[in-house]
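Colleague: Got data.cif for you, mmCIF, C-alpha atoms and all ligand atoms:
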```cif
data_upload
#
loop_
_atom_site.group_PDB
_atom_site.id
_atom_site.type_symbol
_atom_site.label_atom_id
_atom_site.label_comp_id
_atom_site.auth_asym_id
_atom_site.auth_seq_id
_atom_site.Cartn_x
_atom_site.Cartn_y
_atom_site.Cartn_z
ATOM 1 C CA MET A 1 32.971 51.193 23.432
ATOM 2 C CA SER A 2 35.111 51.420 20.293
ATOM 3 C CA GLU A 3 36.454 54.788 19.105
ATOM 4 C CA THR A 4 34.826 56.382 16.066
ATOM 5 C CA PRO A 5 37.214 57.065 13.117
ATOM 6 C CA ALA A 6 36.665 60.808 13.670
ATOM 7 C CA ALA A 7 37.829 60.620 17.315
ATOM 8 C CA LYS A 8 40.946 58.651 16.288
ATOM 9 C CA ASP A 9 42.033 61.322 13.789
ATOM 10 C CA ALA A 10 41.356 64.228 16.152
ATOM 11 C CA ALA A 11 44.392 66.450 16.877
ATOM 12 C CA PRO A 12 45.966 65.874 20.316
ATOM 13 C CA ALA A 13 44.808 68.287 23.002
ATOM 14 C CA PRO A 14 47.051 71.389 22.960
ATOM 15 C CA VAL A 15 49.688 71.510 25.715
ATOM 16 C CA LYS A 16 48.563 73.858 28.455
ATOM 17 C CA PHE A 17 51.637 75.897 29.364
ATOM 18 C CA PRO A 18 52.064 77.735 32.666
ATOM 19 C CA PRO A 19 52.669 81.519 32.475
ATOM 20 C CA TYR A 20 56.391 80.734 32.202
ATOM 21 C CA LYS A 21 56.315 78.844 28.941
ATOM 22 C CA LEU A 22 60.002 78.955 27.953
ATOM 23 C CA THR A 23 61.154 78.273 31.511
ATOM 24 C CA SER A 24 58.805 75.302 31.789
ATOM 25 C CA ARG A 25 60.006 71.740 31.364
ATOM 26 C CA LEU A 26 57.044 71.247 29.033
ATOM 27 C CA SER A 27 58.811 73.259 26.351
ATOM 28 C CA HIS A 28 62.319 71.890 27.105
ATOM 29 C CA PRO A 29 62.279 68.409 28.669
ATOM 30 C CA GLU A 30 66.091 68.141 29.007
ATOM 31 C CA ASN A 31 68.007 69.905 31.775
ATOM 32 C CA SER A 32 69.550 73.165 30.584
ATOM 33 C CA LEU A 33 73.298 73.571 30.893
ATOM 34 C CA VAL A 34 74.781 76.999 31.600
ATOM 35 C CA PRO A 35 78.448 77.365 30.641
ATOM 36 C CA VAL A 36 80.595 79.772 32.660
ATOM 37 C CA GLY A 37 84.207 79.881 31.448
ATOM 38 C CA ASP A 38 85.328 76.278 31.348
ATOM 39 C CA ILE A 39 82.759 74.990 33.832
ATOM 40 C CA VAL A 40 79.139 73.997 33.246
ATOM 41 C CA VAL A 41 76.275 74.589 35.683
ATOM 42 C CA GLY A 42 73.492 72.001 35.515
ATOM 43 C CA GLY A 43 75.590 68.982 34.480
ATOM 44 C CA PRO A 44 77.165 66.223 36.576
ATOM 45 C CA GLU A 45 79.637 68.591 38.261
ATOM 46 C CA PHE A 46 78.238 70.013 41.526
ATOM 47 C CA ILE A 47 79.204 73.674 41.241
ATOM 48 C CA VAL A 48 80.271 75.662 44.289
ATOM 49 C CA MET A 49 80.354 79.469 44.295
ATOM 50 C CA ALA A 50 82.115 80.838 47.362
ATOM 51 C CA GLY A 51 83.600 84.021 48.747
ATOM 52 C CA PRO A 52 82.829 86.909 51.051
ATOM 53 C CA CYS A 53 79.469 88.628 51.285
ATOM 54 C CA SER A 54 81.113 91.922 50.301
ATOM 55 C CA VAL A 55 84.343 92.910 48.652
ATOM 56 C CA GLU A 56 86.175 94.925 51.316
ATOM 57 C CA HIS A 57 89.835 95.311 50.359
ATOM 58 C CA ASP A 58 92.529 93.581 48.312
ATOM 59 C CA PRO A 59 94.052 91.395 51.046
ATOM 60 C CA GLN A 60 90.575 90.202 52.143
ATOM 61 C CA MET A 61 89.463 89.461 48.589
ATOM 62 C CA LEU A 62 92.694 87.862 47.405
ATOM 63 C CA GLY A 63 93.189 85.871 50.601
ATOM 64 C CA THR A 64 89.655 84.485 50.507
ATOM 65 C CA ALA A 65 89.831 83.856 46.765
ATOM 66 C CA TRP A 66 92.947 81.692 47.142
ATOM 67 C CA ASP A 67 91.440 79.897 50.138
ATOM 68 C CA VAL A 68 88.248 78.940 48.303
ATOM 69 C CA LYS A 69 90.139 78.042 45.141
ATOM 70 C CA LEU A 70 92.492 75.700 47.010
ATOM 71 C CA SER A 71 89.480 74.076 48.674
ATOM 72 C CA GLY A 72 87.915 73.334 45.271
ATOM 73 C CA ALA A 73 85.395 76.155 44.720
ATOM 74 C CA HIS A 74 84.530 76.706 41.050
ATOM 75 C CA ILE A 75 83.418 80.345 41.118
ATOM 76 C CA LEU A 76 84.306 83.309 43.320
ATOM 77 C CA ARG A 77 81.532 85.448 44.801
ATOM 78 C CA GLY A 78 81.699 88.933 46.328
ATOM 79 C CA GLY A 79 79.313 91.886 46.398
ATOM 80 C CA ALA A 80 80.439 95.325 45.236
ATOM 81 C CA PHE A 81 76.894 96.745 45.192
ATOM 82 C CA LYS A 82 75.228 95.683 48.435
ATOM 83 C CA PRO A 83 71.457 95.710 49.056
ATOM 84 C CA ARG A 84 71.486 96.587 52.786
ATOM 85 C CA SER A 85 68.337 96.970 54.879
ATOM 86 C CA SER A 86 69.747 100.063 56.586
ATOM 87 C CA PRO A 87 71.119 102.966 54.563
ATOM 88 C CA TYR A 88 73.784 103.402 57.290
ATOM 89 C CA SER A 89 75.241 99.915 56.731
ATOM 90 C CA PHE A 90 78.225 99.319 54.433
ATOM 91 C CA GLN A 91 76.925 99.738 50.892
ATOM 92 C CA GLY A 92 79.813 98.155 48.986
ATOM 93 C CA LEU A 93 82.798 99.549 47.091
ATOM 94 C CA ALA A 94 81.082 99.765 43.678
ATOM 95 C CA GLU A 95 83.631 99.867 40.803
ATOM 96 C CA GLU A 96 86.596 99.753 43.157
ATOM 97 C CA GLY A 97 85.217 96.420 44.425
ATOM 98 C CA LEU A 98 84.690 95.136 40.883
ATOM 99 C CA LYS A 99 88.360 95.866 40.179
ATOM 100 C CA MET A 100 89.404 93.838 43.228
ATOM 101 C CA LEU A 101 87.228 90.941 42.075
ATOM 102 C CA SER A 102 88.735 91.148 38.649
ATOM 103 C CA LYS A 103 92.266 91.095 40.092
ATOM 104 C CA ALA A 104 91.314 87.997 42.129
ATOM 105 C CA ARG A 105 90.065 86.353 38.927
ATOM 106 C CA GLU A 106 93.293 87.186 37.141
ATOM 107 C CA LEU A 107 95.408 85.657 39.891
ATOM 108 C CA THR A 108 93.336 82.574 40.730
ATOM 109 C CA GLY A 109 91.659 81.852 37.396
ATOM 110 C CA LEU A 110 88.254 81.671 39.114
ATOM 111 C CA SER A 111 85.242 83.147 37.302
ATOM 112 C CA ILE A 112 83.370 85.776 39.306
ATOM 113 C CA VAL A 113 79.731 86.285 40.255
ATOM 114 C CA THR A 114 78.594 89.624 41.637
ATOM 115 C CA GLU A 115 75.311 91.419 42.173
ATOM 116 C CA VAL A 116 73.883 94.141 39.980
ATOM 117 C CA MET A 117 71.204 96.133 41.790
ATOM 118 C CA ASP A 118 70.300 98.817 39.297
ATOM 119 C CA SER A 119 69.742 98.878 35.520
ATOM 120 C CA ALA A 120 71.989 101.941 35.379
ATOM 121 C CA ASP A 121 74.937 99.823 36.597
ATOM 122 C CA ILE A 122 74.495 96.880 34.224
ATOM 123 C CA ASP A 123 77.057 98.015 31.621
ATOM 124 C CA LEU A 124 79.637 98.552 34.346
ATOM 125 C CA VAL A 125 79.024 95.281 36.225
ATOM 126 C CA GLU A 126 78.793 93.373 32.951
ATOM 127 C CA SER A 127 82.235 94.616 31.938
ATOM 128 C CA TYR A 128 83.786 92.873 34.981
ATOM 129 C CA ALA A 129 81.527 89.958 35.985
ATOM 130 C CA ASP A 130 81.256 86.455 34.525
ATOM 131 C CA ILE A 131 77.815 85.937 36.113
ATOM 132 C CA LEU A 132 75.388 88.756 36.938
ATOM 133 C CA GLN A 133 73.578 88.160 40.220
ATOM 134 C CA VAL A 134 70.041 89.397 40.810
ATOM 135 C CA GLY A 135 69.519 89.533 44.569
ATOM 136 C CA ALA A 136 66.461 88.390 46.462
ATOM 137 C CA ARG A 137 65.212 91.955 46.843
ATOM 138 C CA ASN A 138 65.310 92.509 43.099
ATOM 139 C CA SER A 139 63.856 89.157 42.088
ATOM 140 C CA GLN A 140 60.725 90.868 40.788
ATOM 141 C CA ASN A 141 62.335 94.056 39.500
ATOM 142 C CA PHE A 142 60.954 93.504 36.029
ATOM 143 C CA SER A 143 62.702 96.428 34.350
ATOM 144 C CA LEU A 144 66.060 95.137 35.645
ATOM 145 C CA LEU A 145 65.185 91.636 34.381
ATOM 146 C CA LYS A 146 64.148 92.958 30.958
ATOM 147 C CA ARG A 147 67.450 94.761 30.605
ATOM 148 C CA LEU A 148 69.435 91.699 31.785
ATOM 149 C CA ALA A 149 67.624 89.639 29.170
ATOM 150 C CA LYS A 150 69.693 91.552 26.609
ATOM 151 C CA SER A 151 72.980 90.603 28.268
ATOM 152 C CA LYS A 152 75.264 87.930 26.857
ATOM 153 C CA LYS A 153 76.336 87.002 30.390
ATOM 154 C CA PRO A 154 74.673 84.295 32.510
ATOM 155 C CA VAL A 155 72.325 85.531 35.235
ATOM 156 C CA LEU A 156 72.070 84.069 38.743
ATOM 157 C CA LEU A 157 68.499 84.799 39.798
ATOM 158 C CA LYS A 158 67.784 84.544 43.514
ATOM 159 C CA ARG A 159 64.335 83.769 44.841
ATOM 160 C CA GLY A 160 62.656 86.764 46.432
ATOM 161 C CA LEU A 161 61.955 86.740 50.159
ATOM 162 C CA MET A 162 58.225 86.389 49.574
ATOM 163 C CA ASN A 163 58.136 84.655 46.216
ATOM 164 C CA THR A 164 56.465 81.385 45.364
ATOM 165 C CA VAL A 165 58.188 78.915 43.082
ATOM 166 C CA ASP A 166 55.883 79.935 40.239
ATOM 167 C CA GLU A 167 56.814 83.577 40.802
ATOM 168 C CA ILE A 168 60.560 82.970 40.525
ATOM 169 C CA LEU A 169 59.900 80.934 37.384
ATOM 170 C CA CYS A 170 57.923 83.882 35.978
ATOM 171 C CA SER A 171 60.873 86.157 36.792
ATOM 172 C CA ALA A 172 63.163 83.749 34.930
ATOM 173 C CA GLU A 173 60.727 83.895 32.028
ATOM 174 C CA TYR A 174 61.464 87.626 31.637
ATOM 175 C CA LEU A 175 65.100 86.687 30.989
ATOM 176 C CA LEU A 176 64.357 83.815 28.604
ATOM 177 C CA ALA A 177 61.603 85.659 26.751
ATOM 178 C CA GLY A 178 63.940 88.618 26.257
ATOM 179 C CA GLY A 179 66.670 86.416 24.767
ATOM 180 C CA ASN A 180 68.914 85.326 27.647
ATOM 181 C CA GLU A 181 68.719 81.573 28.168
ATOM 182 C CA LYS A 182 71.738 81.418 30.475
ATOM 183 C CA VAL A 183 69.813 81.482 33.735
ATOM 184 C CA ILE A 184 70.726 79.810 37.035
ATOM 185 C CA LEU A 185 68.127 79.884 39.817
ATOM 186 C CA CYS A 186 68.986 80.149 43.514
ATOM 187 C CA GLU A 187 66.937 79.077 46.534
ATOM 188 C CA ARG A 188 68.196 81.282 49.381
ATOM 189 C CA GLY A 189 65.444 80.888 51.951
ATOM 190 C CA ILE A 190 62.137 82.644 52.251
ATOM 191 C CA ARG A 191 60.549 84.718 54.990
ATOM 192 C CA THR A 192 58.250 82.734 57.241
ATOM 193 C CA PHE A 193 56.887 83.114 60.791
ATOM 194 C CA GLU A 194 59.969 81.276 62.138
ATOM 195 C CA PRO A 195 62.533 83.611 63.729
ATOM 196 C CA SER A 196 65.137 81.009 64.798
ATOM 197 C CA THR A 197 66.896 81.292 61.447
ATOM 198 C CA ARG A 198 67.404 84.386 59.284
ATOM 199 C CA ASN A 199 65.136 82.862 56.619
ATOM 200 C CA THR A 200 63.590 79.424 56.157
ATOM 201 C CA LEU A 201 65.426 77.246 53.633
ATOM 202 C CA ASP A 202 62.733 75.812 51.386
ATOM 203 C CA ILE A 203 64.630 72.670 50.451
ATOM 204 C CA SER A 204 61.640 71.158 48.672
ATOM 205 C CA ALA A 205 61.627 74.164 46.323
ATOM 206 C CA VAL A 206 64.624 72.500 44.635
ATOM 207 C CA LEU A 207 62.439 69.501 43.843
ATOM 208 C CA SER A 208 59.547 71.561 42.661
ATOM 209 C CA ILE A 209 61.737 73.833 40.500
ATOM 210 C CA LYS A 210 63.375 70.740 38.979
ATOM 211 C CA GLU A 211 59.967 69.264 38.246
ATOM 212 C CA LYS A 212 58.540 72.415 36.716
ATOM 213 C CA SER A 213 61.602 73.809 34.953
ATOM 214 C CA HIS A 214 64.696 72.771 33.009
ATOM 215 C CA LEU A 215 66.884 75.513 34.519
ATOM 216 C CA PRO A 216 69.701 74.675 36.925
ATOM 217 C CA VAL A 217 69.093 75.537 40.578
ATOM 218 C CA ILE A 218 71.626 76.103 43.342
ATOM 219 C CA VAL A 219 71.136 76.628 47.092
ATOM 220 C CA ASP A 220 72.524 79.423 49.276
ATOM 221 C CA PRO A 221 72.595 78.027 52.831
ATOM 222 C CA SER A 222 74.349 81.157 54.168
ATOM 223 C CA HIS A 223 71.548 83.679 53.623
ATOM 224 C CA ALA A 224 68.953 80.962 54.221
ATOM 225 C CA SER A 225 70.132 80.310 57.771
ATOM 226 C CA GLY A 226 72.140 83.346 58.851
ATOM 227 C CA LYS A 227 74.269 81.047 61.042
ATOM 228 C CA ALA A 228 77.706 79.702 60.128
ATOM 229 C CA SER A 229 77.088 76.526 62.158
ATOM 230 C CA TYR A 230 74.033 75.648 60.026
ATOM 231 C CA VAL A 231 75.729 76.177 56.667
ATOM 232 C CA ALA A 232 77.507 72.814 56.253
ATOM 233 C CA PRO A 233 74.495 70.638 57.238
ATOM 234 C CA LEU A 234 72.226 72.607 54.880
ATOM 235 C CA ALA A 235 74.822 72.426 52.098
ATOM 236 C CA LYS A 236 74.822 68.624 52.475
ATOM 237 C CA ALA A 237 71.030 68.629 52.300
ATOM 238 C CA ALA A 238 71.217 70.644 49.061
ATOM 239 C CA LEU A 239 73.508 68.058 47.461
ATOM 240 C CA ALA A 240 71.271 65.228 48.671
ATOM 241 C CA VAL A 241 68.065 66.819 47.388
ATOM 242 C CA GLY A 242 69.432 67.264 43.859
ATOM 243 C CA ALA A 243 70.528 70.896 43.648
ATOM 244 C CA ASP A 244 73.093 71.702 40.956
ATOM 245 C CA GLY A 245 75.391 73.534 43.317
ATOM 246 C CA LEU A 246 75.810 75.979 46.163
ATOM 247 C CA MET A 247 76.558 79.595 46.899
ATOM 248 C CA ILE A 248 78.408 79.904 50.215
ATOM 249 C CA GLU A 249 79.784 82.895 52.089
ATOM 250 C CA VAL A 250 83.389 82.413 53.177
ATOM 251 C CA HIS A 251 85.541 85.114 54.786
ATOM 252 C CA CYS A 252 89.223 84.935 55.691
ATOM 253 C CA ALA A 253 88.346 86.564 59.067
ATOM 254 C CA PRO A 254 84.553 86.365 59.626
ATOM 255 C CA GLU A 255 84.757 88.321 62.909
ATOM 256 C CA LEU A 256 86.047 91.325 60.942
ATOM 257 C CA ALA A 257 83.568 91.094 58.047
ATOM 258 C CA LEU A 258 81.731 94.312 57.163
ATOM 259 C CA CYS A 259 78.653 92.283 56.218
ATOM 260 C CA ASP A 260 77.242 88.864 57.192
ATOM 261 C CA GLY A 261 80.232 87.687 59.244
ATOM 262 C CA GLU A 262 77.913 85.618 61.476
ATOM 263 C CA GLU A 263 76.915 83.380 58.584
ATOM 264 C CA SER A 264 80.334 83.231 56.903
ATOM 265 C CA LEU A 265 82.449 80.086 57.034
ATOM 266 C CA THR A 266 86.117 80.252 57.895
ATOM 267 C CA PRO A 267 88.438 78.972 55.146
ATOM 268 C CA GLN A 268 89.139 75.920 57.320
ATOM 269 C CA SER A 269 85.469 74.952 57.763
ATOM 270 C CA PHE A 270 84.848 75.547 54.047
ATOM 271 C CA ARG A 271 87.760 73.261 53.207
ATOM 272 C CA GLU A 272 86.335 70.522 55.439
ATOM 273 C CA LEU A 273 82.891 70.924 53.895
ATOM 274 C CA MET A 274 84.278 70.678 50.339
ATOM 275 C CA ALA A 275 86.283 67.575 51.209
ATOM 276 C CA PHE A 276 83.140 65.937 52.603
ATOM 277 C CA LEU A 277 80.916 66.972 49.697
ATOM 278 C CA SER A 278 83.393 65.707 47.110
ATOM 279 C CA GLU A 279 83.600 62.368 48.894
ATOM 280 C CA VAL A 280 79.836 61.813 49.051
ATOM 281 C CA ALA A 281 78.852 63.504 45.755
ATOM 282 C CA PRO A 282 79.089 60.232 43.737
ATOM 283 C CA TYR A 283 76.351 58.712 45.942
ATOM 284 C CA PHE A 284 74.061 61.401 44.557
ATOM 285 C CA GLY A 285 75.166 61.060 40.939
ATOM 286 C CA ARG A 286 77.487 64.099 41.117
ATOM 287 C CA LYS A 287 81.149 64.918 41.269
ATOM 288 C CA ILE A 288 83.296 67.800 42.437
ATOM 289 C CA SER A 289 86.391 67.323 40.351
ATOM 290 C CA THR A 290 88.114 70.492 41.555
ATOM 291 C CA VAL A 291 88.703 69.242 45.119
ATOM 292 C CA GLY A 292 92.290 68.175 45.585
ATOM 293 C CA GLN A 293 93.207 69.087 42.010
ATOM 294 C CA LEU A 294 95.653 71.807 42.999
ATOM 295 C CA ASP A 295 97.047 69.762 45.856
ATOM 296 C CA ARG A 296 97.830 67.040 43.353
ATOM 297 C CA SER A 297 99.143 69.185 40.520
ATOM 298 C CA LYS A 298 101.138 71.723 42.559
ATOM 299 C CA GLY A 299 102.169 69.639 45.536
ATOM 300 C CA LEU A 300 100.130 71.916 47.857
HETATM 301 C C1 LIG A 401 74.087 88.152 48.443
HETATM 302 O O1 LIG A 401 74.175 87.019 47.942
HETATM 303 O O2 LIG A 401 75.049 88.903 48.536
HETATM 304 C C2 LIG A 401 72.781 88.634 48.937
HETATM 305 C C3 LIG A 401 72.591 89.892 49.266
HETATM 306 O O3 LIG A 401 71.851 87.666 49.030
HETATM 307 P P1 LIG A 401 70.249 87.778 48.936
HETATM 308 O O4 LIG A 401 69.945 88.660 47.769
HETATM 309 O O5 LIG A 401 69.839 86.364 48.759
HETATM 310 O O6 LIG A 401 69.801 88.364 50.252
HETATM 311 MN MN MN A 402 75.540 88.303 52.496
#
```
Spell out the structure here as structure tokens.
Modeller:
Amino acid sequence: MSETPAAKDAAPAPVKFPPYKLTSRLSHPENSLVPVGDIVVGGPEFIVMAGPCSVEHDPQMLGTAWDVKLSGAHILRGGAFKPRSSPYSFQGLAEEGLKMLSKARELTGLSIVTEVMDSADIDLVESYADILQVGARNSQNFSLLKRLAKSKKPVLLKRGLMNTVDEILCSAEYLLAGGNEKVILCERGIRTFEPSTRNTLDISAVLSIKEKSHLPVIVDPSHASGKASYVAPLAKAALAVGADGLMIEVHCAPELALCDGEESLTPQSFRELMAFLSEVAPYFGRKISTVGQLDRSKGL
């Protein structure tokens, strides 16, 4: 049956957006790039954020910072405000820890990512950090997200323990709708019925986030598994599945760590992992140009 002239001229059906319109790929078909210092998250470089779970003291922070830098990490992580399940566990060094991170940045040149747990601390954390991390437990703290939407700094938004992909995309929407487009998502495992790992790494969430959204997404195999021996295999899976990078816990002496030592890589195993990832990255359309750079330029 031929179309009537009226049907031909009819306006196209309106696009039906999900409840996260700005975060949706429908409104932004190209991948978003998030610049942090002189690196870019979401482009061809596979970005690795590494460092201890918590900032503990200068020698620990500086030692680990140099170790991860020399292995090719792009960004240094470390928590100064720690969301601990028990109020009796180490809660972090707060501003003292931020100062240690900042000293490590000064000496190594690495940008820093650190968690902000409370809206009241945003000004303080913002004055030190290059990326503001929203932890899994705060993934749906909407007043925190609304306030972070006003920040000029990029936000690393972790998926909540019980959040669906659509829910983390809605959380990201709070940031974008409030004016902050520099958002990096992080799959860090979700809570399931399976107790053999700390959480269950939802590797296919990377695919579904990439399909639904233009935002970069990284994987945290440390909190996802809770076991140092699982971290490297899961990190490789993240590269293979198309994640934009990783967040990995590394400690200069994991057996002495005040938090998450059991899932922290030693500097040596991190170095081996980075060497492997940089070798295979081109097979997945990525590169890790920082590996070996210092060795070459400084004879290290
Ligand atoms: C962290 O990265 O320090 C952390 C506490 O992770 P998560 O919020 O994913 O548990
Ligand atoms: Mn941790």
Colleague: From the set A:Gly245, A:Gly160, A:Pro221, A:Gly63, which residue has the shortest atom-to-atom contact distance to Pro233 in chain A, counting only C-alpha atoms?
Modeller: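 Closest to Pro233 in chain A, using only C-alpha atoms: A:Pro221.
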Colleague: Care to translate the PyMOL selection byres (((not hetatm)) within 6 of (chain A and resi 401)) into actual residues of this file, as number ranges by chain?
Modeller: A: 53, 79, 83, 135-137, 158, 188, 223
Colleague: For the PyMOL selection byres (((chain A and resi 78) around 6) and not hetatm), applied here, can you spell out every residue it catches as a ChimeraX atom specification?
Modeller: /A:51-55,77,79,114
Colleague: Check what the PyMOL selection byres (((chain A and resi 33-43) around 10) and not hetatm) selects in the file above and give those residues as a PyMOL selection string.
Modeller: chain A and resi 30-32+44-48+74-75+109-112+130-131+153-155+181-184+214-218+243-245+286-287
Colleague: One decimal, Å: what's the distance from CA of Tyr283 in chain A over to CA of Ser204 in chain A, could you say?
Modeller: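 Going from CA of Tyr283 in chain A over to CA of Ser204 in chain A covers 19.5 Å.
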Colleague: Which residues are close to Ser24 in chain A, i.e. within 12 Å by all atoms listed in the file, leaving aside same-chain residues fewer than 2 positions away? Reply as number ranges by chain.
Modeller: A: 15-22, 26-32, 165-166, 168-170, 172-173, 176-177, 208-215
Colleague: Pull C-alpha atoms from the residues just selected and write them as a short mmCIF file (atom, residue, chain, number, x, y, z; two decimals), in the frame of the given file.
Modeller:
```cif
data_model
loop_
_atom_site.label_atom_id
_atom_site.label_comp_id
_atom_site.auth_asym_id
_atom_site.auth_seq_id
_atom_site.Cartn_x
_atom_site.Cartn_y
_atom_site.Cartn_z
CA VAL A 15 49.69 71.51 25.72
CA LYS A 16 48.56 73.86 28.46
CA PHE A 17 51.64 75.90 29.36
CA PRO A 18 52.06 77.74 32.67
CA PRO A 19 52.67 81.52 32.48
CA TYR A 20 56.39 80.73 32.20
CA LYS A 21 56.32 78.84 28.94
CA LEU A 22 60.00 78.96 27.95
CA LEU A 26 57.04 71.25 29.03
CA SER A 27 58.81 73.26 26.35
CA HIS A 28 62.32 71.89 27.10
CA PRO A 29 62.28 68.41 28.67
CA GLU A 30 66.09 68.14 29.01
CA ASN A 31 68.01 69.90 31.78
CA SER A 32 69.55 73.17 30.58
CA VAL A 165 58.19 78.92 43.08
CA ASP A 166 55.88 79.94 40.24
CA ILE A 168 60.56 82.97 40.52
CA LEU A 169 59.90 80.93 37.38
CA CYS A 170 57.92 83.88 35.98
CA ALA A 172 63.16 83.75 34.93
CA GLU A 173 60.73 83.90 32.03
CA LEU A 176 64.36 83.82 28.60
CA ALA A 177 61.60 85.66 26.75
CA SER A 208 59.55 71.56 42.66
CA ILE A 209 61.74 73.83 40.50
CA LYS A 210 63.38 70.74 38.98
CA GLU A 211 59.97 69.26 38.25
CA LYS A 212 58.54 72.42 36.72
CA SER A 213 61.60 73.81 34.95
CA HIS A 214 64.70 72.77 33.01
CA LEU A 215 66.88 75.51 34.52
#
```
Colleague: Kindly reconstruct range 111-123 of chain A with N, CA, C and O atoms and present the result as a compact mmCIF listing (two decimals), keeping the file's coordinate frame.
Modeller:
```txt
# COMPACT_ATOMS: atom_id res chain seq x y z
N SER A 111 86.25 82.22 37.85
CA SER A 111 85.24 83.15 37.30
C SER A 111 84.57 83.86 38.47
O SER A 111 84.57 83.35 39.60
N ILE A 112 83.98 85.03 38.20
CA ILE A 112 83.37 85.78 39.31
C ILE A 112 81.88 86.04 39.11
O ILE A 112 81.41 86.27 38.01
N VAL A 113 81.16 85.95 40.24
CA VAL A 113 79.73 86.28 40.26
C VAL A 113 79.54 87.44 41.23
O VAL A 113 80.07 87.42 42.34
N THR A 114 78.81 88.46 40.78
CA THR A 114 78.59 89.62 41.64
C THR A 114 77.24 90.26 41.31
O THR A 114 76.74 90.13 40.20
N GLU A 115 76.68 90.91 42.32
CA GLU A 115 75.31 91.42 42.17
C GLU A 115 75.25 92.73 41.41
O GLU A 115 76.11 93.60 41.56
N VAL A 116 74.20 92.84 40.58
CA VAL A 116 73.88 94.14 39.98
C VAL A 116 72.50 94.53 40.50
O VAL A 116 71.55 93.78 40.40
N MET A 117 72.45 95.73 41.12
CA MET A 117 71.20 96.13 41.79
C MET A 117 70.34 97.05 40.94
O MET A 117 69.14 97.17 41.15
N ASP A 118 70.99 97.74 39.99
CA ASP A 118 70.30 98.82 39.30
C ASP A 118 70.58 98.71 37.80
O ASP A 118 71.73 98.47 37.40
N SER A 119 69.54 98.93 36.98
CA SER A 119 69.74 98.88 35.52
C SER A 119 70.86 99.82 35.07
O SER A 119 71.59 99.52 34.12
N ALA A 120 70.99 100.94 35.77
CA ALA A 120 71.99 101.94 35.38
C ALA A 120 73.41 101.41 35.54
O ALA A 120 74.35 101.95 34.93
N ASP A 121 73.59 100.37 36.36
CA ASP A 121 74.94 99.82 36.60
C ASP A 121 75.25 98.59 35.75
O ASP A 121 76.33 98.02 35.87
N ILE A 122 74.29 98.16 34.93
CA ILE A 122 74.50 96.88 34.22
C ILE A 122 75.73 96.91 33.32
O ILE A 122 76.55 95.99 33.35
N ASP A 123 75.90 97.97 32.53
CA ASP A 123 77.06 98.02 31.62
C ASP A 123 78.36 97.87 32.40
O ASP A 123 79.26 97.14 32.00
```
